[in-house]
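coords.txt, holding compact mmCIF, C-alpha atoms:
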# COMPACT_ATOMS: atom_id res chain seq x y z
CA MET A 1 0.00 0.00 0.00
CA GLN A 2 1.40 3.37 -1.05
CA THR A 3 0.60 6.53 0.88
CA VAL A 4 1.49 9.95 -0.47
CA ILE A 5 1.57 12.80 2.03
CA ILE A 6 1.43 16.44 0.95
CA GLY A 7 3.16 18.60 3.55
CA ASN A 8 5.90 17.95 6.09
CA GLY A 9 4.73 19.86 9.14
CA ILE A 10 3.64 18.16 12.35
CA ALA A 11 0.58 16.48 10.81
CA GLY A 12 2.34 15.11 7.74
CA THR A 13 5.51 14.02 9.49
CA LEU A 14 3.91 12.45 12.54
CA ALA A 15 1.35 10.70 10.33
CA ALA A 16 4.28 9.20 8.41
CA LYS A 17 5.96 8.17 11.66
CA THR A 18 2.75 6.54 12.91
CA LEU A 19 2.13 4.76 9.59
CA ARG A 20 5.57 3.19 9.83
CA GLU A 21 4.99 2.19 13.46
CA LEU A 22 1.70 0.53 12.51
CA ASP A 23 2.82 -1.06 9.24
CA PRO A 24 6.43 -2.07 8.53
CA ASP A 25 5.65 -2.59 4.83
CA ALA A 26 3.71 0.58 3.92
CA GLY A 27 5.17 2.76 1.18
CA ILE A 28 5.39 6.33 2.50
CA GLU A 29 6.27 9.32 0.35
CA ILE A 30 6.15 12.97 1.50
CA PHE A 31 6.15 15.99 -0.79
CA ALA A 32 7.10 19.23 0.95
CA ALA A 33 6.91 22.64 -0.65
CA GLU A 34 9.43 23.97 1.88
CA PRO A 35 13.06 23.13 1.10
CA HIS A 36 13.65 21.94 4.67
CA LEU A 37 13.01 18.84 6.72
CA TYR A 38 10.29 19.06 9.37
CA TYR A 39 10.74 21.60 12.12
CA PRO A 40 8.24 22.58 14.85
CA ARG A 41 7.03 25.98 13.70
CA PRO A 42 7.25 27.71 17.12
CA ASN A 43 11.04 27.13 16.97
CA LEU A 44 11.15 29.97 14.45
CA ILE A 45 10.50 32.48 17.24
CA GLU A 46 13.52 31.38 19.28
CA PHE A 47 15.55 31.19 16.06
CA ILE A 48 14.71 34.81 15.25
CA ALA A 49 15.46 35.79 18.85
CA GLY A 50 18.92 34.25 18.48
CA ASN A 51 18.38 31.61 21.13
CA LEU A 52 18.23 28.53 18.90
CA PRO A 53 20.90 27.74 16.30
CA PHE A 54 19.84 26.68 12.80
CA ASP A 55 20.90 23.06 13.13
CA ARG A 56 18.73 22.61 16.24
CA LEU A 57 15.52 23.70 14.52
CA PHE A 58 14.66 20.31 13.07
CA ALA A 59 12.84 17.59 14.98
CA PHE A 60 14.48 14.63 13.24
CA PRO A 61 17.83 14.31 11.43
CA GLU A 62 17.94 13.10 7.82
CA ALA A 63 19.00 9.62 8.90
CA TRP A 64 15.80 9.25 10.92
CA TYR A 65 13.74 9.28 7.71
CA GLY A 66 16.01 6.79 5.95
CA GLU A 67 15.87 4.38 8.91
CA ARG A 68 12.09 4.39 8.62
CA ARG A 69 12.01 4.22 4.81
CA ILE A 70 10.03 7.47 4.69
CA GLU A 71 10.84 9.12 1.38
CA VAL A 72 10.82 12.93 1.68
CA HIS A 73 11.05 15.29 -1.28
CA THR A 74 11.85 18.71 0.17
CA GLY A 75 11.33 21.74 -2.02
CA VAL A 76 9.00 19.78 -4.31
CA PRO A 77 5.47 21.20 -4.11
CA VAL A 78 2.53 19.23 -5.45
CA GLU A 79 0.86 21.07 -8.32
CA ARG A 80 -2.30 19.08 -8.59
CA ILE A 81 -4.14 16.01 -7.44
CA GLU A 82 -5.78 13.66 -9.95
CA PRO A 83 -8.28 11.72 -7.82
CA ASP A 84 -9.57 9.55 -10.68
CA GLY A 85 -6.08 8.47 -11.62
CA ARG A 86 -5.10 8.19 -7.93
CA ARG A 87 -1.95 10.19 -8.35
CA VAL A 88 -0.45 13.58 -7.67
CA ILE A 89 1.54 15.69 -10.09
CA ALA A 90 4.46 17.43 -8.42
CA ALA A 91 6.77 20.19 -9.58
CA GLY A 92 8.85 19.19 -12.55
CA GLY A 93 6.10 16.96 -13.89
CA ARG A 94 6.86 14.19 -11.45
CA ARG A 95 3.94 11.77 -11.02
CA ALA A 96 3.36 9.94 -7.75
CA PRO A 97 0.67 7.28 -7.63
CA TYR A 98 -1.10 6.59 -4.33
CA ASP A 99 -3.51 4.17 -2.72
CA ALA A 100 -4.14 6.71 0.01
CA LEU A 101 -3.43 10.45 -0.02
CA LEU A 102 -3.03 12.71 3.00
CA LEU A 103 -3.43 16.46 2.58
CA ALA A 104 -1.32 18.04 5.29
CA ASP A 105 -0.16 21.22 3.64
CA GLY A 106 -1.42 23.39 6.42
CA ALA A 107 -2.12 27.08 6.25
CA GLY A 108 -0.39 30.20 5.01
CA ALA A 109 -0.13 33.64 6.55
CA ALA A 110 -3.06 35.92 5.71
CA ILE A 111 -2.07 39.03 3.78
CA PRO A 112 -4.81 41.65 3.96
CA PRO A 113 -5.20 44.14 1.11
CA ILE A 114 -3.18 46.97 2.72
CA LYS A 115 -1.71 49.33 0.13
CA GLY A 116 2.05 48.86 -0.01
CA ALA A 117 2.09 45.36 1.47
CA ASP A 118 4.07 44.19 -1.54
CA LYS A 119 7.09 46.43 -0.86
CA ALA A 120 10.49 44.95 -0.09
CA GLY A 121 10.94 44.68 3.65
CA VAL A 122 7.36 43.59 4.36
CA PHE A 123 7.07 40.03 5.59
CA THR A 124 4.82 37.47 7.12
CA LEU A 125 6.26 34.79 9.38
CA ARG A 126 5.18 31.27 8.70
CA THR A 127 8.18 29.41 7.31
CA LEU A 128 11.88 29.07 7.96
CA ASN A 129 12.56 30.90 4.71
CA ASP A 130 10.46 33.80 6.04
CA ALA A 131 12.56 33.80 9.22
CA LEU A 132 15.82 33.81 7.24
CA ALA A 133 14.58 36.67 5.07
CA ILE A 134 13.52 38.66 8.14
CA LEU A 135 16.91 38.18 9.81
CA ASP A 136 18.64 39.20 6.62
CA ARG A 137 16.58 42.38 6.43
CA LEU A 138 17.09 43.09 10.12
CA ARG A 139 20.86 43.15 9.83
CA ASP A 140 21.31 46.85 9.01
CA ARG A 141 17.76 47.99 9.46
CA PRO A 142 16.82 47.91 13.10
CA LYS A 143 13.50 49.81 12.94
CA ALA A 144 10.68 47.28 12.91
CA ALA A 145 6.91 47.45 13.04
CA VAL A 146 4.71 44.44 13.76
CA ILE A 147 1.15 44.82 12.53
CA GLY A 148 -1.11 42.65 14.66
CA GLY A 149 -1.21 42.52 18.44
CA GLY A 150 -2.32 38.90 18.76
CA LEU A 151 -0.23 36.00 20.02
CA LEU A 152 2.07 35.68 17.05
CA GLY A 153 2.61 39.42 16.69
CA LEU A 154 3.68 39.75 20.31
CA GLU A 155 6.04 36.77 20.12
CA ILE A 156 7.65 38.10 16.92
CA ALA A 157 8.00 41.55 18.47
CA ARG A 158 9.77 40.12 21.52
CA ALA A 159 12.06 38.02 19.34
CA LEU A 160 13.04 41.02 17.19
CA ARG A 161 13.74 43.00 20.34
CA CYS A 162 16.07 40.23 21.54
CA ARG A 163 18.06 40.91 18.37
CA GLY A 164 18.36 44.58 19.28
CA ALA A 165 15.68 45.99 16.99
CA GLU A 166 13.47 48.94 17.89
CA VAL A 167 10.00 47.47 17.63
CA GLU A 168 6.55 48.99 17.54
CA ILE A 169 3.47 46.77 17.78
CA VAL A 170 0.37 48.08 16.03
CA GLU A 171 -3.03 46.66 16.94
CA VAL A 172 -6.26 48.01 15.43
CA PHE A 173 -8.36 46.87 18.39
CA GLY A 174 -8.39 49.00 21.55
CA HIS A 175 -6.05 46.63 23.41
CA LEU A 176 -3.60 43.78 22.85
CA LEU A 177 -4.70 40.15 22.64
CA PRO A 178 -8.31 41.08 21.96
CA ARG A 179 -9.40 37.43 22.01
CA GLN A 180 -7.85 36.60 25.34
CA LEU A 181 -7.90 39.86 27.30
CA ASP A 182 -10.17 42.70 28.34
CA PRO A 183 -9.11 46.38 28.22
CA ALA A 184 -7.74 46.41 31.79
CA GLY A 185 -5.68 43.24 31.26
CA GLY A 186 -4.54 44.55 27.91
CA ALA A 187 -3.26 47.73 29.55
CA ILE A 188 -1.22 45.75 32.09
CA LEU A 189 0.20 43.54 29.35
CA ARG A 190 1.12 46.62 27.38
CA ALA A 191 3.01 48.00 30.37
CA GLU A 192 4.90 44.71 30.75
CA LEU A 193 5.89 44.79 27.08
CA GLU A 194 6.94 48.41 27.36
CA LYS A 195 9.23 47.37 30.23
CA LEU A 196 10.91 45.07 27.68
CA GLY A 197 11.51 48.08 25.46
CA LEU A 198 8.67 47.43 23.02
CA ARG A 199 6.44 50.26 21.85
CA VAL A 200 2.73 49.69 21.47
CA ARG A 201 0.11 51.53 19.45
CA THR A 202 -3.50 50.39 19.83
CA GLY A 203 -6.87 51.48 18.56
CA VAL A 204 -5.68 52.57 15.13
CA GLY A 205 -5.51 50.75 11.81
CA VAL A 206 -2.87 50.93 9.12
CA GLU A 207 -3.97 52.86 6.03
CA GLU A 208 -0.86 52.40 3.93
CA ILE A 209 2.64 50.96 4.02
CA LEU A 210 4.88 53.76 2.80
CA GLY A 211 8.07 53.82 0.76
CA ASP A 212 9.05 53.32 -2.84
CA ALA A 213 10.33 49.89 -3.75
CA GLU A 214 11.39 49.44 -0.12
CA VAL A 215 9.30 50.07 2.97
CA ARG A 216 10.01 53.31 4.84
CA GLY A 217 7.14 53.50 7.28
CA LEU A 218 3.44 53.35 7.98
CA ARG A 219 0.56 55.76 7.63
CA PHE A 220 -2.32 55.19 10.01
CA LYS A 221 -6.01 55.81 9.51
CA ASP A 222 -5.88 58.80 11.84
CA GLY A 223 -3.32 60.45 9.57
CA SER A 224 -0.31 59.90 11.84
CA ARG A 225 2.85 58.17 10.58
CA SER A 226 5.74 56.16 11.86
CA GLU A 227 9.08 55.04 10.43
CA ALA A 228 10.03 51.44 9.83
CA ASP A 229 12.33 49.57 7.47
CA LEU A 230 11.04 46.16 8.41
CA VAL A 231 7.33 45.40 8.68
CA ILE A 232 5.84 42.11 9.81
CA LEU A 233 2.19 41.33 9.10
CA ALA A 234 0.90 39.08 11.88
CA LEU A 235 -2.76 39.02 10.96
CA GLY A 236 -3.81 35.40 11.04
CA VAL A 237 -3.58 32.37 8.78
CA ARG A 238 -5.59 30.92 5.92
CA PRO A 239 -5.83 27.15 5.36
CA ASN A 240 -4.29 26.03 2.06
CA ILE A 241 -7.29 24.65 0.19
CA GLY A 242 -6.27 25.28 -3.43
CA LEU A 243 -5.18 21.72 -4.24
CA ALA A 244 -8.31 20.27 -2.64
CA ARG A 245 -10.65 22.72 -4.37
CA GLU A 246 -9.11 22.13 -7.78
CA ALA A 247 -9.43 18.38 -7.28
CA GLY A 248 -13.13 18.76 -6.57
CA LEU A 249 -12.98 17.97 -2.86
CA LYS A 250 -15.38 19.65 -0.47
CA THR A 251 -13.83 22.76 1.05
CA ASP A 252 -15.15 25.50 3.29
CA ARG A 253 -12.71 27.49 5.39
CA GLY A 254 -10.52 24.39 5.31
CA VAL A 255 -10.62 20.97 3.67
CA VAL A 256 -13.76 19.37 5.05
CA VAL A 257 -13.30 15.98 6.70
CA ASP A 258 -15.53 13.51 8.52
CA GLU A 259 -14.95 11.92 11.92
CA PHE A 260 -12.32 9.63 10.35
CA LEU A 261 -10.51 12.65 8.87
CA GLN A 262 -11.46 11.50 5.39
CA THR A 263 -12.38 14.15 2.80
CA SER A 264 -15.37 14.01 0.48
CA ARG A 265 -13.36 11.63 -1.70
CA PRO A 266 -12.70 8.14 -0.28
CA GLY A 267 -9.00 7.43 0.04
CA ILE A 268 -8.10 11.10 0.42
CA PHE A 269 -7.61 12.32 3.98
CA ALA A 270 -6.68 15.64 5.56
CA ALA A 271 -5.07 16.58 8.86
CA GLY A 272 -3.44 19.60 10.44
CA ASP A 273 -3.90 23.35 10.02
CA GLY A 274 -5.77 22.90 6.74
CA ALA A 275 -8.34 20.36 7.90
CA GLN A 276 -11.84 21.38 8.93
CA ARG A 277 -13.87 19.10 11.18
CA GLY A 278 -17.39 20.40 11.68
CA ASP A 279 -17.21 24.18 11.67
CA THR A 280 -13.73 24.36 13.03
CA VAL A 281 -10.20 24.64 11.82
CA LEU A 282 -8.36 24.57 15.13
CA GLY A 283 -4.92 25.46 13.81
CA ILE A 284 -3.14 24.46 17.00
CA ILE A 285 -0.32 21.99 17.54
CA PRO A 286 -2.20 19.56 19.81
CA ALA A 287 -4.90 19.19 17.12
CA SER A 288 -2.33 18.42 14.40
CA PHE A 289 -0.66 15.96 16.74
CA ASP A 290 -3.89 14.15 17.65
CA GLN A 291 -5.08 14.14 14.04
CA ALA A 292 -1.78 12.78 12.71
CA ARG A 293 -2.08 9.64 14.78
CA VAL A 294 -5.76 9.07 14.07
CA VAL A 295 -5.41 9.65 10.34
CA ALA A 296 -2.54 7.17 10.06
CA ALA A 297 -4.72 4.49 11.64
CA ASN A 298 -7.55 5.33 9.24
CA ILE A 299 -5.30 5.24 6.21
CA LEU A 300 -4.59 1.66 7.19
CA GLY A 301 -8.32 0.94 7.44
CA GLN A 302 -8.61 0.89 11.24
CA LYS A 303 -11.62 3.24 11.48
CA ARG A 304 -10.59 5.36 14.44
CA ILE A 305 -12.82 8.30 15.27
CA TYR A 306 -11.16 11.67 15.82
CA PRO A 307 -12.90 12.99 18.95
CA GLY A 308 -11.74 16.58 18.53
CA THR A 309 -9.08 18.39 20.50
CA VAL A 310 -9.83 20.66 23.41
CA PRO A 311 -7.69 23.81 23.15
CA SER A 312 -5.72 24.76 26.20
CA ASN A 313 -6.85 27.86 28.02
CA THR A 314 -3.31 28.65 29.11
CA LEU A 315 -0.50 30.16 27.13
CA ASN A 316 2.71 32.02 27.66
CA VAL A 317 3.24 35.14 25.64
CA ALA A 318 6.50 37.09 25.77
CA GLY A 319 7.34 35.28 29.00
CA ILE A 320 4.00 36.13 30.63
CA ASP A 321 1.63 33.37 31.80
CA LEU A 322 -1.95 33.93 30.68
CA THR A 323 -5.09 31.85 31.20
CA SER A 324 -8.30 33.02 29.61
CA VAL A 325 -11.48 30.99 29.77
CA GLY A 326 -15.18 31.49 29.08
CA ILE A 327 -16.79 34.91 28.67
CA ILE A 328 -14.10 37.49 29.27
CA ASN A 329 -15.61 40.54 27.57
CA PRO A 330 -19.29 40.44 28.56
CA PRO A 331 -21.45 41.39 25.60
CA GLY A 332 -24.10 43.33 27.51
CA ALA A 333 -25.87 43.83 30.80
CA GLY A 334 -26.44 41.12 33.38
CA PHE A 335 -22.80 40.30 34.10
CA GLU A 336 -20.66 41.15 37.10
CA GLU A 337 -16.89 41.54 36.81
CA ILE A 338 -14.56 41.45 39.79
CA ARG A 339 -10.89 42.26 39.40
CA LEU A 340 -7.62 42.13 41.24
CA ALA A 341 -4.79 44.06 39.62
CA ARG A 342 -1.18 44.54 40.73
CA PRO A 343 0.28 46.30 37.69
CA GLU A 344 3.74 46.66 39.23
CA ALA A 345 3.92 42.87 39.40
CA GLY A 346 2.28 42.38 36.01
CA LEU A 347 -0.57 40.59 37.78
CA TYR A 348 -4.17 40.75 36.61
CA LYS A 349 -7.04 38.50 37.63
CA LYS A 350 -10.69 38.86 36.76
CA ILE A 351 -13.77 36.72 37.20
CA VAL A 352 -17.00 37.21 35.27
CA LEU A 353 -20.26 36.20 36.93
CA ARG A 354 -23.82 35.91 35.72
CA ASP A 355 -26.40 35.49 38.48
CA GLY A 356 -23.64 34.54 40.90
CA VAL A 357 -22.32 31.82 38.61
CA LEU A 358 -18.76 31.83 37.30
CA VAL A 359 -18.84 32.18 33.50
CA GLY A 360 -15.40 33.52 32.68
CA ALA A 361 -11.96 34.26 34.08
CA ILE A 362 -8.65 35.87 33.17
CA TRP A 363 -5.51 35.01 35.13
CA MET A 364 -2.42 36.88 33.96
CA GLY A 365 1.03 36.88 35.52
CA THR A 366 0.56 33.75 37.57
CA LYS A 367 -0.14 30.04 37.13
CA ALA A 368 -1.42 29.49 40.67
CA GLY A 369 -4.99 28.20 40.57
CA ILE A 370 -5.36 28.18 36.77
CA SER A 371 -6.54 24.56 36.44
CA ALA A 372 -9.00 24.97 39.28
CA VAL A 373 -10.49 28.22 37.99
CA ALA A 374 -10.76 26.83 34.44
CA ARG A 375 -12.60 23.79 35.79
CA ALA A 376 -14.86 26.02 37.90
CA VAL A 377 -15.80 28.08 34.82
CA ALA A 378 -16.42 24.94 32.75
CA ARG A 379 -18.74 23.64 35.47
CA HIS A 380 -20.49 27.02 35.92
CA VAL A 381 -19.89 26.91 39.63
CA SER A 382 -21.80 29.25 41.91
CA VAL A 383 -19.52 31.55 43.88
CA GLU A 384 -21.98 33.31 46.16
CA GLY A 385 -20.29 35.06 49.04
CA ARG A 386 -16.75 34.10 48.00
CA THR A 387 -16.13 36.56 45.23
CA LYS A 388 -13.38 38.59 46.88
CA ASP A 389 -11.39 35.64 48.24
CA LEU A 390 -11.50 33.83 44.92
CA LEU A 391 -9.00 36.22 43.43
CA GLU A 392 -6.43 35.69 46.17
CA ASP A 393 -3.43 33.45 45.39
CA THR A 394 -4.21 31.09 48.22
CA PHE A 395 -7.91 30.53 47.50
CA ASP A 396 -8.94 26.92 47.91
CA PHE A 397 -11.22 26.07 44.97
CA SER A 398 -12.45 22.91 46.59
CA LEU A 399 -14.55 25.19 48.80
CA LEU A 400 -16.85 26.00 45.87
CA MET B 1 2.83 9.38 37.94
CA GLU B 2 1.55 10.18 34.49
CA LYS B 3 3.39 9.89 31.19
CA TYR B 4 3.62 12.95 28.93
CA GLU B 5 4.09 13.04 25.17
CA CYS B 6 5.86 15.62 23.02
CA THR B 7 3.47 17.00 20.41
CA ALA B 8 6.35 18.05 18.19
CA CYS B 9 7.83 14.58 17.76
CA GLY B 10 5.90 11.96 19.72
CA PHE B 11 8.58 11.24 22.32
CA ILE B 12 7.05 9.86 25.50
CA TYR B 13 8.42 11.01 28.84
CA ASP B 14 8.00 8.17 31.30
CA PRO B 15 8.54 9.36 34.89
CA ALA B 16 9.51 5.83 35.94
CA LEU B 17 12.52 6.06 33.60
CA GLY B 18 13.34 9.75 34.01
CA ASP B 19 15.96 11.13 31.59
CA PRO B 20 19.26 10.10 33.20
CA GLU B 21 21.41 11.16 30.22
CA ASN B 22 20.25 14.70 30.93
CA GLY B 23 20.50 14.49 34.71
CA ILE B 24 16.88 13.58 35.46
CA ALA B 25 16.61 10.66 37.88
CA PRO B 26 14.05 7.87 37.41
CA GLY B 27 10.94 8.67 39.42
CA THR B 28 10.87 12.36 38.49
CA SER B 29 7.35 13.50 37.65
CA PHE B 30 6.80 15.69 34.59
CA GLU B 31 5.78 18.61 36.80
CA ALA B 32 9.07 18.31 38.69
CA LEU B 33 11.16 18.60 35.54
CA PRO B 34 13.06 21.91 35.45
CA ASP B 35 11.56 24.69 33.32
CA ASP B 36 14.50 24.54 30.94
CA TRP B 37 14.29 20.77 30.35
CA VAL B 38 13.86 19.94 26.66
CA CYS B 39 12.59 16.92 24.76
CA PRO B 40 15.55 14.53 24.42
CA GLN B 41 14.39 13.48 20.96
CA CYS B 42 13.70 16.80 19.23
CA GLY B 43 14.77 19.54 21.62
CA VAL B 44 11.55 21.51 22.14
CA GLY B 45 10.52 22.81 25.55
CA LYS B 46 8.05 21.49 28.14
CA GLU B 47 5.24 23.62 26.71
CA PHE B 48 4.93 21.17 23.79
CA PHE B 49 4.12 18.26 26.07
CA GLN B 50 0.66 16.95 26.94
CA LYS B 51 -0.51 14.20 29.26
CA VAL B 52 -0.82 10.82 27.55
CA ASP B 53 -4.53 9.95 27.26
CA ASP B 54 -4.50 6.21 26.73
Let's see the structure in the file written out as structure tokens.
Amino acid sequence: MQTVIIGNGIAGTLAAKTLRELDPDAGIEIFAAEPHLYYPRPNLIEFIAGNLPFDRLFAFPEAWYGERRIEVHTGVPVERIEPDGRRVIAAGGRRAPYDALLLADGAGAAIPPIKGADKAGVFTLRTLNDALAILDRLRDRPKAAVIGGGLLGLEIARALRCRGAEVEIVEVFGHLLPRQLDPAGGAILRAELEKLGLRVRTGVGVEEILGDAEVRGLRFKDGSRSEADLVILALGVRPNIGLAREAGLKTDRGVVVDEFLQTSRPGIFAAGDGAQRGDTVLGIIPASFDQARVVAANILGQKRIYPGTVPSNTLNVAGIDLTSVGIINPPGAGFEEIRLARPEAGLYKKIVLRDGVLVGAIWMGTKAGISAVARAVARHVSVEGRTKDLLEDTFDFSLL
Amino acid sequence: MEKYECTACGFIYDPALGDPENGIAPGTSFEALPDDWVCPQCGVGKEFFQKVDD
């Protein structure tokens, strides 16, 4: 049985690994558009920061693939899928027949239609080649702007700062991390980032990226301007669905799959940042990891159901611990919010109640109590009479 | 003590075995691993690890 895998990120590579573990005789062939062996994408941040050398980026050495008879073609993108002929056509006209096909070519950085986004010195960060290009640009041009104050934008900003750049973060929303934080938490986070030497501009959108062939700066919608010779767009990702769409597979935001991670065409599967199960494209590492193992079993006919992956509520951004769960920006009346803030310590905690029941929480700057408060929100626990104590470090959640 | 798996490469940290080559004695729980401990197989940090379900 021959399996062709398109993409060598976590989903593609770990599916190959699992296929080999389950079947010593399976033929496994990976086509990767990127000219590199598999690397965990978050390593790019530490690579940009200067904390991780190039040769330590990759999860497995070349020999690892040979030992497992996993054939990898790096720098060879697939150009189209021919489902009727059960083969893919790769760059250079190369044909690869398959019995089973796994689409694991992930997602690409979203590039919004901002005027000037095509100038030299404007980048997105998704691949190792992007990181190399950014570092190259950074060498003599230390003025950087990061457009997008979400998770990735903040991590890139910190990494550029580690390299000595002057960095300004621009976020159109009124505060940073709009999905995870409220305005008060966002203000404390901003202060913590400013302590690291980052500059932050919120509540204003970018009208145009200025310069001639090369970027020189930004013009904002309020008419103000700033200088920059390096601009990073950190504005989300889009699943790569082109190959699937052209092959007639069902696509929506991502490549649509059933509970076995099979697409609308039997024998063609999808996993990772490009796969859509139900309404969701999770786009997180644990989902790609879980899907990789389930899809390998299904390629071999085992019929394992993918139960979904529950995203973690906790993350660490720019060295700051943050847990955000439930309703954190109440949409209207009927909610009560209770806060504890110690800005000098970078600490911010908030609980959101509706009729005395815990419906949301933000814990920033500490990990104490995060599992317990997340569980309490999930269970909609009543907190009558304990609201003040709940925010203290030493609160015993078993009392609820 | 629970086993943890690396989501970047699949390596399984078994507390019963520890990671003696990197100075971690057998019997060390995942939580007790130092913050700067990395996956012995692929080098990523603890944040990539999740509890093994099965």
Just how far from atom CA of A:Pro35 is atom CA of A:Arg69, in Å to one decimal?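 Value for the atom CA of A:Arg69-atom CA of A:Pro35 distance: 19.3 Å.
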For the atom pair atom CA of A:Trp363 and atom CA of A:Leu189, what is the interatomic distance in Å to one decimal place?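 These atoms are spaced 11.8 Å apart.
If we count all atoms listed in the file, these residues of chain B sit within 10 Å of chain A: Cys6, Thr7, Ala8, Cys9, Gly10, Cys39, Gln41, Cys42, Gly43, Val44, Gly45, Glu47, Phe48, Phe49 and Gln50 of chain B.
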Could you tell me how far atom CA of A:Arg199 sits from atom CA of A:Arg161, in Å to one decimal place? 10.4 Å
Which of these, B:Pro34, B:Gly27, B:Pro40, B:Pro20, has the shortest distance to B:Met1 once you count only C-alpha atoms? B:Gly27
Counting all atoms listed in the file, what is within 9 Å of A:Arg179, bar same-chain residues fewer than 6 positions away, as an mmCIF file with C-alpha atoms, keeping the file's coordinate frame?
data_model
loop_
_atom_site.group_PDB
_atom_site.id
_atom_site.type_symbol
_atom_site.label_atom_id
_atom_site.label_comp_id
_atom_site.auth_asym_id
_atom_site.auth_seq_id
_atom_site.Cartn_x
_atom_site.Cartn_y
_atom_site.Cartn_z
ATOM 1 C CA GLY A 150 -2.320 38.900 18.760
ATOM 2 C CA SER A 324 -8.300 33.020 29.610
ATOM 3 C CA ILE A 328 -14.100 37.490 29.270
ATOM 4 C CA ASN A 329 -15.610 40.540 27.570
#
Using all atoms listed in the file, pick whichever of A:Val172, A:Arg68, A:Val381, A:Gly12 has the shortest atom-to-atom distance to A:Pro24. A:Arg68
Using all atoms listed in the file: which of A:Ala228, A:Leu37, A:Ala318, A:Leu101 has the shortest distance to A:Gly153: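 Nearest to A:Gly153: A:Ala318.
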Considering only C-alpha atoms, state which residue in the set A:Arg190, A:Arg86, A:Arg265, A:Arg141 is at the smallest distance from A:Glu166.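 Distance minimum relative to A:Glu166 lands on A:Arg141.
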Stretch 331-335 of chain A: which residues within 9 Å, counting all atoms listed in the file, same-chain residues fewer than 3 positions away excluded, as a list in words?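 Skipping anything fewer than 3 positions along the chain leaves Ile327, Val352, Leu353, Arg354, Asp355 and Gly356 of chain A.
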